[in-house]
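Structure record follows, encoded as structure tokens.
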Amino acid sequence: MTVVVVGSGHNALVAACYLARAGHAVQVLERDEVLGGAVSTVERFPGHLVDRGSSAHIMVRHTGIIEELELDRFGLRYIDCDPWGFTPGFAGHAPLVFHRDLDATCASIAAACGERDAVAYRRFVEVWGPRSARVMRAFGGGPTPGRLLRSFWGLDAKDGGSALSREFLQSGDALLDTHFQDERLKASLAWFGAQSGPPMSEPGTAPMVGFAALMHTLPPGRAVGGSGALSAALVRRLRADGGVVTAGDAVTELRRDGDGWRVRTASGRNLHADTVIAGPHVLTTLDLLRAGGFDAAVLDDWRRRIRVGPGIGMVVRVATRSLPSYLGSSVGESARGLQFLVSDRRQLRLAYGAASAGDLPPRPVVLAMSFSALDPSIAPPGEHQLSLWAQWHPYRLADGSEWAAHAEREADRIIAEVDSYAPGFADSVLRRFVQTPVDLEREMGLLGGNVMHVEMSLDQMMLWRPLPELSGQRVPGAPGLYLTGASTHPGGGVSGASGRSAATLALRDLRRRRFPLLRKR
């Protein structure tokens with residue numbers, strides 16, 4: 001059977017690898033000259049391998065996909081981020097250092113926030129560690145009611161599970177206020193949780209905070225050579241199994257053709273496929289179906305109901321002479337993980353409120369990552385490299401101005417924010433590359449500048465992502481077409497789970513087509 005995979009994002013590549021491993025003829029078509037979508041790395045500055053999108057890989061290391069596809073045989077190697085999190089000290093307060101080792105983390109919290117919060121954090125990890133492992137299990141496959149029920153079966157089932165349900169549905173802020181007293185600790189964990197997009201004031205965000213507990217089992221990982229090393233390993237695996245990958249030839253149309261599909265590309269090629277795996281943004285896939293004559297009224301209804309949101313953030317990639325030197329701490333504590341440059345949740349709330357109104361944040365909230373400290377291969381000798389992710393920044397500005405008029409000035413503010421915690425950092429910057437929400441859309445097809453494709457709000461997760469009728473990764477009225485990518489369950493971030501789920505569905509259906517008697521079983 002022939003399979004065409006649209007796009008080379010990591011989920012699409014994961015699906016392609018499983019299908020090729022099963023013996024199907026797989027061809028991946030990518031519009032960009034760079035493979036990997038938002039999980040890719042390029043040379044932005046001389047000698048610097050710079051990520052285009054994601055940098056730290058968290059979820060994929062918990063899914064088993066790396067082991068199932070034996071990606072270590074194809075060059076993928078991870079270095080643990082340990083300490084995995086760091087919040088600078090200020091005004092005589094010690095820094096917060098989140099180690100993989102729970103005892104070391106609790107010792108840091110005791111020194112920075114007091115013994116009560118250290119005890120509370122240990123309890124938080126004991127409770128939310130198993131819960132987060134169940135969340136990862138739920139994220140590992142399709143969002144069917146049965147699977148979700150089995151993932152959480154037996155977990156805190158007393159009182160019919162009502163207390164557990166309440167805790168899962170509460171906001172991240174409510175969870176933090178229940179457990180902790182120190183605002184800096186709350187802000188650090190809230191900023192970790194907010195990497196999924198929504199502010200921790202929204203209902204249903206408690207599990208996003210709770211996921212921090214799982215970092216003491218397996219912390220974020222840095223792929224040697226850059227985030228794109230994961231995609232590169234997937235491409236090598238795919239080609240080893242006979243798959244074909246073509247860059248620089250965009251798919252322009254998906255049209256039903258008998259029992260299969262006709263896939264048209266920008267170069268004029270027409271490919272027949274028994275099965276199509278669509279990896280782009282769901283709205284992009286709907287446009288491809290529209291070009292192929294799919295029911296326009298249905299497509300318009302789906303498009304109207306899918307909420308992309310106002311945008312999440314922007315990135316400044318910098319080459320520097322040195323790593324940030326945060327007051328009162330060592331580079332060994334800060335440089336290997338996620339640097340949470342926040343001390344109060346009020347800063348997060350103000351930034352989100354401004355973005356919701358179409359304005360720039362009064363003060364940028366920055367997550368700094370200096371992975372050249374872990375992997376010197378991404379920077380030339382004597383230099384370092386940082387990614388400075390800042391939330392929240394709207395895609396459309398309320399005053400109607402273009403992002404090009406603000407990009408450099410906003411980059412200045414983001415760098416200045418790091419400098420306020422690590423004096424001298426701004427002077428160490430040699431070169432920079434700015435990615436505004438508009439740039440993220442233009443370069444990687446992240447519509448609306450949303451790195452999660454569509455909002456990760458409660459009503460667009462699991463059984464409702466991106467819509468109830470599309471949540472099964474199939475498109476009604478389009479047999480043989482499967483959706484994958486951040487638009488589908490479990491959402492954004494580097495997990496590969498959506499790709500594996502799409503491949504599982506496609507393989508099951510292909511077996512039934514090849515062996516019709518199986519349908520009767």
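Going by the structure tokens order, chains are called A, B, ..., each with residues numbered from 1, while ligands are numbered from 1 in the order shown.
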
**Distance query Ala266 in chain A at most 10 Å, only C-alpha atoms, self and fewer than 4 positions along chain excluded, as a PyMOL selection string** = chain A and resi 31+248-253+270

Skipping near chain neighbours, those fewer than 3 positions away, what residues fall within 12 Å of Ala212 in chain A using only C-alpha atoms, listed as a compact mmCIF listing (two decimals) with C-alpha atoms, in the first residue's frame?
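Dumped to part_7.txt:
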# COMPACT_ATOMS: atom_id res chain seq x y z
CA ILE A 58 10.14 16.81 27.59
CA MET A 59 7.19 14.61 26.60
CA TRP A 84 16.18 21.07 35.00
CA GLY A 85 14.89 24.38 36.34
CA PHE A 98 15.13 22.26 40.60
CA HIS A 99 17.33 19.18 40.41
CA ARG A 100 16.31 15.78 39.12
CA LEU A 102 14.11 15.42 44.84
CA TYR A 121 6.92 20.37 47.52
CA ARG A 122 7.88 16.83 48.47
CA PHE A 124 3.31 17.73 45.76
CA VAL A 125 5.74 15.45 43.88
CA GLU A 126 4.51 12.35 45.71
CA VAL A 127 0.89 13.11 44.76
CA TRP A 128 1.31 14.59 41.28
CA GLY A 129 4.12 12.30 40.10
CA PRO A 130 1.79 9.29 39.69
CA ARG A 131 -0.97 11.54 38.38
CA SER A 132 1.32 13.05 35.74
CA ALA A 133 2.47 9.59 34.72
CA GLY A 172 -2.96 25.83 38.09
CA LEU A 176 -0.30 26.26 43.72
CA LYS A 186 4.46 29.54 42.84
CA SER A 188 8.31 29.42 38.93
CA LEU A 189 5.93 26.46 38.70
CA ALA A 190 3.23 28.59 37.07
CA TRP A 191 5.72 29.70 34.41
CA PHE A 192 6.68 26.06 33.81
CA GLY A 193 3.01 25.14 33.39
CA ALA A 194 2.33 28.12 31.14
CA GLN A 195 4.74 26.77 28.52
CA ALA A 206 -3.65 22.16 37.22
CA PRO A 207 -2.20 19.11 35.40
CA MET A 208 0.12 21.43 33.46
CA VAL A 209 1.63 22.55 36.77
CA MET A 215 10.70 15.96 35.94
CA HIS A 216 12.14 14.19 38.98
CA THR A 217 11.64 10.88 37.17
CA LEU A 218 13.01 11.97 33.80
CA PRO A 219 13.95 15.63 33.24
CA PRO A 220 13.83 17.61 30.01
CA LEU A 338 15.05 26.07 31.98

* **Contact residues around Glu455 in chain A with only C-alpha atoms at 10 Å, ignoring same-chain residues under 3 positions, as a list in words** =>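 The contact residues come out as Ser196, Gly197, Pro198, Ile306, Arg307, Val308, Gly309, Pro310, Gly311, Ile312, Asn450, Val451, Met452, Leu458, Asp459, Gln460, Met461, Arg465, Pro466, Ser487, Gly491 and Gly492 of chain A.
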
Could you please take those selected residues and save all heavy atoms as a compact mmCIF listing (two decimals), in the first residue's frame?
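In the end it all went to result_1.txt:
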# COMPACT_ATOMS: atom_id res chain seq x y z
N SER A 196 2.70 25.53 28.07
CA SER A 196 1.69 24.91 27.20
C SER A 196 0.80 25.95 26.52
O SER A 196 0.02 25.60 25.64
CB SER A 196 0.82 23.95 28.01
OG SER A 196 0.23 24.63 29.10
N GLY A 197 0.90 27.20 26.94
CA GLY A 197 0.14 28.26 26.29
C GLY A 197 -0.79 29.03 27.20
O GLY A 197 -0.64 30.24 27.37
N PRO A 198 -1.81 28.36 27.79
CA PRO A 198 -2.77 29.10 28.61
C PRO A 198 -2.14 29.60 29.92
O PRO A 198 -1.20 28.99 30.43
CB PRO A 198 -3.86 28.06 28.92
CG PRO A 198 -3.65 26.96 27.95
CD PRO A 198 -2.19 26.95 27.64
N ILE A 306 -12.84 26.28 15.10
CA ILE A 306 -11.50 26.00 15.62
C ILE A 306 -10.86 27.32 16.05
O ILE A 306 -10.75 28.25 15.26
CB ILE A 306 -10.64 25.29 14.55
CG1 ILE A 306 -11.19 23.89 14.27
CG2 ILE A 306 -9.18 25.20 15.02
CD1 ILE A 306 -10.54 23.20 13.10
N ARG A 307 -10.43 27.39 17.28
CA ARG A 307 -9.91 28.64 17.84
C ARG A 307 -8.38 28.58 17.92
O ARG A 307 -7.82 27.81 18.70
CB ARG A 307 -10.52 28.88 19.22
CG ARG A 307 -10.28 30.29 19.76
CD ARG A 307 -11.06 30.53 21.04
NE ARG A 307 -10.64 29.65 22.12
CZ ARG A 307 -11.32 28.58 22.52
NH1 ARG A 307 -12.45 28.25 21.95
NH2 ARG A 307 -10.87 27.83 23.52
N VAL A 308 -7.74 29.39 17.12
CA VAL A 308 -6.28 29.45 17.13
C VAL A 308 -5.78 30.28 18.30
O VAL A 308 -4.78 29.96 18.93
CB VAL A 308 -5.76 30.03 15.79
CG1 VAL A 308 -4.26 30.29 15.86
CG2 VAL A 308 -6.08 29.07 14.66
N GLY A 309 -6.50 31.34 18.62
CA GLY A 309 -6.10 32.20 19.74
C GLY A 309 -5.29 33.40 19.28
O GLY A 309 -4.97 33.55 18.10
N PRO A 310 -4.96 34.28 20.23
CA PRO A 310 -4.30 35.55 19.88
C PRO A 310 -2.80 35.43 19.64
O PRO A 310 -2.15 36.41 19.32
CB PRO A 310 -4.58 36.41 21.12
CG PRO A 310 -4.65 35.42 22.24
CD PRO A 310 -5.28 34.19 21.66
N GLY A 311 -2.24 34.23 19.79
CA GLY A 311 -0.78 34.08 19.73
C GLY A 311 -0.22 33.82 21.11
O GLY A 311 -0.86 34.11 22.12
N ILE A 312 0.95 33.23 21.16
CA ILE A 312 1.52 32.89 22.47
C ILE A 312 2.75 33.73 22.77
O ILE A 312 2.81 34.43 23.77
CB ILE A 312 1.86 31.38 22.55
CG1 ILE A 312 0.59 30.54 22.42
CG2 ILE A 312 2.55 31.06 23.87
CD1 ILE A 312 0.83 29.05 22.51
N ASN A 450 0.90 30.68 16.76
CA ASN A 450 0.65 29.78 17.88
C ASN A 450 1.46 28.51 17.70
O ASN A 450 1.17 27.68 16.83
CB ASN A 450 -0.84 29.44 17.97
CG ASN A 450 -1.19 28.70 19.25
OD1 ASN A 450 -0.33 28.10 19.90
ND2 ASN A 450 -2.45 28.72 19.62
N VAL A 451 2.48 28.33 18.55
CA VAL A 451 3.35 27.16 18.44
C VAL A 451 2.62 25.87 18.81
O VAL A 451 3.12 24.78 18.54
CB VAL A 451 4.61 27.33 19.32
CG1 VAL A 451 5.44 28.49 18.83
CG2 VAL A 451 4.24 27.50 20.79
N MET A 452 1.44 25.99 19.41
CA MET A 452 0.62 24.82 19.74
C MET A 452 -0.47 24.57 18.69
O MET A 452 -1.35 23.76 18.89
CB MET A 452 -0.04 25.02 21.12
CG MET A 452 0.94 25.30 22.24
SD MET A 452 2.01 23.88 22.54
CE MET A 452 3.13 24.55 23.79
N LEU A 458 -9.19 24.00 27.82
CA LEU A 458 -9.87 22.77 28.22
C LEU A 458 -10.84 22.29 27.16
O LEU A 458 -10.97 21.08 26.91
CB LEU A 458 -10.59 22.99 29.56
CG LEU A 458 -11.25 21.76 30.19
CD1 LEU A 458 -10.23 20.67 30.47
CD2 LEU A 458 -11.95 22.17 31.50
N ASP A 459 -11.53 23.22 26.48
CA ASP A 459 -12.54 22.83 25.50
C ASP A 459 -11.94 22.43 24.16
O ASP A 459 -12.67 22.05 23.24
CB ASP A 459 -13.54 23.97 25.28
CG ASP A 459 -12.89 25.20 24.67
OD1 ASP A 459 -11.79 25.58 25.13
OD2 ASP A 459 -13.46 25.78 23.74
N GLN A 460 -10.59 22.50 24.03
CA GLN A 460 -9.93 22.06 22.80
C GLN A 460 -8.83 21.04 23.11
O GLN A 460 -7.82 20.97 22.41
CB GLN A 460 -9.36 23.26 22.03
CG GLN A 460 -10.42 24.14 21.40
CD GLN A 460 -9.86 25.12 20.38
OE1 GLN A 460 -10.49 25.43 19.39
NE2 GLN A 460 -8.67 25.65 20.63
N MET A 461 -9.07 20.23 24.14
CA MET A 461 -8.12 19.19 24.50
C MET A 461 -8.82 17.83 24.47
O MET A 461 -10.04 17.72 24.49
CB MET A 461 -7.53 19.46 25.89
CG MET A 461 -6.64 20.69 25.96
SD MET A 461 -5.11 20.54 25.01
CE MET A 461 -4.20 19.40 26.05
N ARG A 465 -10.23 17.98 20.74
CA ARG A 465 -9.13 18.62 20.00
C ARG A 465 -9.06 18.10 18.58
O ARG A 465 -8.90 16.90 18.37
CB ARG A 465 -7.79 18.41 20.71
CG ARG A 465 -6.65 19.23 20.09
CD ARG A 465 -5.40 19.22 20.96
NE ARG A 465 -4.42 20.14 20.45
CZ ARG A 465 -4.34 21.44 20.74
NH1 ARG A 465 -5.22 21.97 21.55
NH2 ARG A 465 -3.40 22.21 20.23
N PRO A 466 -9.08 18.96 17.55
CA PRO A 466 -9.40 20.38 17.61
C PRO A 466 -10.91 20.63 17.67
O PRO A 466 -11.36 21.69 18.06
CB PRO A 466 -8.82 20.93 16.31
CG PRO A 466 -8.97 19.79 15.36
CD PRO A 466 -8.75 18.54 16.17
N SER A 487 -2.19 20.08 16.16
CA SER A 487 -3.62 20.38 16.12
C SER A 487 -4.46 19.27 16.72
O SER A 487 -5.64 19.47 16.99
CB SER A 487 -4.06 20.61 14.67
OG SER A 487 -3.36 21.67 14.06
N GLY A 491 -1.82 17.54 21.59
CA GLY A 491 -1.58 18.96 21.46
C GLY A 491 -0.13 19.28 21.14
O GLY A 491 0.62 18.45 20.62
N GLY A 492 0.27 20.51 21.47
CA GLY A 492 1.60 20.98 21.14
C GLY A 492 2.68 20.42 22.02
O GLY A 492 2.44 19.66 22.96

In range 246-491 of chain A, what's strand (DSSP E) per DSSP? Answer as a compact mmCIF listing (two decimals) with N, CA and C atoms, in the first residue's frame?
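Writing done, so here's out03.txt:
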# COMPACT_ATOMS: atom_id res chain seq x y z
N THR A 246 10.89 14.18 0.34
CA THR A 246 11.14 15.22 -0.65
C THR A 246 10.91 16.58 -0.01
N ALA A 247 11.95 17.41 -0.04
CA ALA A 247 11.84 18.78 0.48
C ALA A 247 11.60 19.75 -0.66
N VAL A 251 2.53 20.38 -0.96
CA VAL A 251 1.25 19.81 -1.40
C VAL A 251 0.26 20.96 -1.54
N THR A 252 -0.45 20.97 -2.66
CA THR A 252 -1.40 22.05 -2.93
C THR A 252 -2.84 21.58 -2.96
N GLU A 253 -3.06 20.25 -3.01
CA GLU A 253 -4.43 19.75 -3.15
C GLU A 253 -4.50 18.30 -2.69
N LEU A 254 -5.56 18.00 -1.94
CA LEU A 254 -5.89 16.62 -1.57
C LEU A 254 -7.26 16.32 -2.14
N ARG A 255 -7.33 15.37 -3.06
CA ARG A 255 -8.59 15.08 -3.74
C ARG A 255 -8.87 13.58 -3.67
N ARG A 256 -10.09 13.26 -3.32
CA ARG A 256 -10.50 11.85 -3.30
C ARG A 256 -10.44 11.29 -4.73
N ASP A 257 -9.86 10.09 -4.85
CA ASP A 257 -9.66 9.49 -6.17
C ASP A 257 -9.99 8.00 -6.08
N GLY A 260 -8.87 5.81 -3.13
CA GLY A 260 -7.69 6.42 -2.55
C GLY A 260 -7.69 7.92 -2.69
N TRP A 261 -6.50 8.49 -2.86
CA TRP A 261 -6.33 9.93 -2.88
C TRP A 261 -5.38 10.33 -4.00
N ARG A 262 -5.66 11.50 -4.57
CA ARG A 262 -4.72 12.12 -5.50
C ARG A 262 -4.12 13.32 -4.79
N VAL A 263 -2.81 13.33 -4.72
CA VAL A 263 -2.08 14.38 -4.02
C VAL A 263 -1.32 15.20 -5.06
N ARG A 264 -1.68 16.47 -5.17
CA ARG A 264 -1.04 17.36 -6.15
C ARG A 264 -0.04 18.26 -5.43
N THR A 265 1.10 18.49 -6.07
CA THR A 265 2.14 19.32 -5.46
C THR A 265 2.40 20.57 -6.29
N ASN A 270 1.37 14.67 -9.60
CA ASN A 270 0.13 14.07 -9.12
C ASN A 270 0.45 12.66 -8.62
N LEU A 271 0.33 12.47 -7.33
CA LEU A 271 0.66 11.18 -6.73
C LEU A 271 -0.61 10.50 -6.27
N HIS A 272 -0.70 9.20 -6.51
CA HIS A 272 -1.83 8.43 -5.98
C HIS A 272 -1.41 7.80 -4.66
N ALA A 273 -2.29 7.84 -3.69
CA ALA A 273 -2.01 7.24 -2.38
C ALA A 273 -3.24 6.48 -1.89
N THR A 275 -3.41 5.89 1.29
CA THR A 275 -3.58 6.54 2.59
C THR A 275 -2.80 7.85 2.59
N VAL A 276 -3.38 8.86 3.24
CA VAL A 276 -2.70 10.15 3.42
C VAL A 276 -2.65 10.47 4.91
N ILE A 277 -1.48 10.83 5.39
CA ILE A 277 -1.30 11.35 6.75
C ILE A 277 -1.02 12.84 6.61
N ALA A 278 -1.87 13.68 7.17
CA ALA A 278 -1.73 15.13 7.04
C ALA A 278 -1.15 15.71 8.33
N GLY A 313 3.76 33.65 21.90
CA GLY A 313 4.97 34.37 22.27
C GLY A 313 5.90 34.59 21.09
N MET A 314 7.13 34.98 21.42
CA MET A 314 8.16 35.23 20.43
C MET A 314 9.50 34.76 21.01
N VAL A 315 10.50 34.66 20.13
CA VAL A 315 11.80 34.15 20.54
C VAL A 315 12.90 35.06 20.04
N VAL A 316 13.92 35.21 20.88
CA VAL A 316 15.15 35.86 20.44
C VAL A 316 16.27 34.84 20.63
N ARG A 317 16.96 34.50 19.54
CA ARG A 317 18.09 33.58 19.59
C ARG A 317 19.36 34.43 19.57
N VAL A 318 20.25 34.21 20.50
CA VAL A 318 21.44 35.06 20.60
C VAL A 318 22.71 34.24 20.67
N ALA A 319 23.74 34.74 20.02
CA ALA A 319 25.10 34.26 20.20
C ALA A 319 25.79 35.21 21.18
N THR A 320 26.48 34.65 22.15
CA THR A 320 27.07 35.48 23.22
C THR A 320 28.52 35.09 23.48
N LEU A 338 15.97 24.98 32.29
CA LEU A 338 15.05 26.07 31.98
C LEU A 338 15.21 27.15 33.03
N GLN A 339 15.46 28.36 32.59
CA GLN A 339 15.70 29.48 33.50
C GLN A 339 14.43 30.33 33.58
N PHE A 340 13.73 30.24 34.71
CA PHE A 340 12.44 30.90 34.91
C PHE A 340 12.69 32.31 35.43
N LEU A 341 12.66 33.29 34.54
CA LEU A 341 12.97 34.67 34.94
C LEU A 341 11.69 35.38 35.35
N VAL A 365 7.91 38.38 29.95
CA VAL A 365 8.20 37.24 30.82
C VAL A 365 9.08 36.30 30.00
N VAL A 366 10.25 35.98 30.51
CA VAL A 366 11.25 35.28 29.70
C VAL A 366 11.60 33.92 30.30
N LEU A 367 11.70 32.94 29.42
CA LEU A 367 12.29 31.64 29.74
C LEU A 367 13.59 31.58 28.96
N ALA A 368 14.71 31.52 29.66
CA ALA A 368 16.02 31.47 29.01
C ALA A 368 16.54 30.04 28.99
N MET A 369 17.16 29.66 27.88
CA MET A 369 17.76 28.33 27.74
C MET A 369 19.13 28.49 27.11
N HIS A 384 28.82 31.20 23.24
CA HIS A 384 27.66 30.45 23.72
C HIS A 384 26.43 30.89 22.94
N GLN A 385 25.35 30.18 23.19
CA GLN A 385 24.11 30.44 22.45
C GLN A 385 22.93 30.28 23.40
N LEU A 386 21.99 31.21 23.31
CA LEU A 386 20.79 31.14 24.14
C LEU A 386 19.55 31.33 23.31
N SER A 387 18.48 30.66 23.73
CA SER A 387 17.14 30.91 23.21
C SER A 387 16.35 31.60 24.32
N LEU A 388 15.77 32.74 24.00
CA LEU A 388 15.00 33.53 24.96
C LEU A 388 13.55 33.55 24.49
N TRP A 389 12.74 32.71 25.12
CA TRP A 389 11.33 32.61 24.77
C TRP A 389 10.56 33.55 25.69
N ALA A 390 9.65 34.35 25.11
CA ALA A 390 8.91 35.32 25.90
C ALA A 390 7.42 35.20 25.61
N GLN A 391 6.61 35.16 26.64
CA GLN A 391 5.16 35.16 26.56
C GLN A 391 4.65 36.41 27.29
N VAL A 429 26.14 39.94 24.24
CA VAL A 429 25.46 39.50 23.03
C VAL A 429 26.24 39.93 21.79
N LEU A 430 26.57 38.97 20.95
CA LEU A 430 27.31 39.23 19.72
C LEU A 430 26.39 39.37 18.51
N ARG A 431 25.43 38.47 18.40
CA ARG A 431 24.49 38.47 17.28
C ARG A 431 23.14 37.99 17.79
N ARG A 432 22.08 38.32 17.04
CA ARG A 432 20.77 37.86 17.46
C ARG A 432 19.87 37.63 16.25
N PHE A 433 18.90 36.76 16.44
CA PHE A 433 17.90 36.47 15.41
C PHE A 433 16.54 36.51 16.08
N VAL A 434 15.65 37.34 15.57
CA VAL A 434 14.36 37.59 16.22
C VAL A 434 13.25 36.85 15.48
N GLN A 435 12.42 36.15 16.22
CA GLN A 435 11.26 35.46 15.66
C GLN A 435 9.99 35.97 16.34
N LEU A 481 -7.82 9.32 5.13
CA LEU A 481 -7.08 10.54 5.50
C LEU A 481 -7.01 10.63 7.02
N TYR A 482 -5.81 10.83 7.55
CA TYR A 482 -5.60 10.87 8.99
C TYR A 482 -4.85 12.15 9.36
N LEU A 483 -5.27 12.76 10.44
CA LEU A 483 -4.66 14.00 10.92
C LEU A 483 -3.60 13.69 11.97

For Asp51 in chain A: contacts at 12 Å, only C-alpha atoms, fewer than 4 positions along chain excluded, given as JSON, numbers by chain
{"A": [34, 36, 37, 38, 39, 40, 41, 42, 43, 44, 45, 55, 56, 222, 223, 224, 225, 226, 227, 228, 229, 230, 231, 315, 316, 317, 318, 369, 370, 371, 372, 378, 379, 385, 386, 387, 388, 389, 433, 435, 444]}
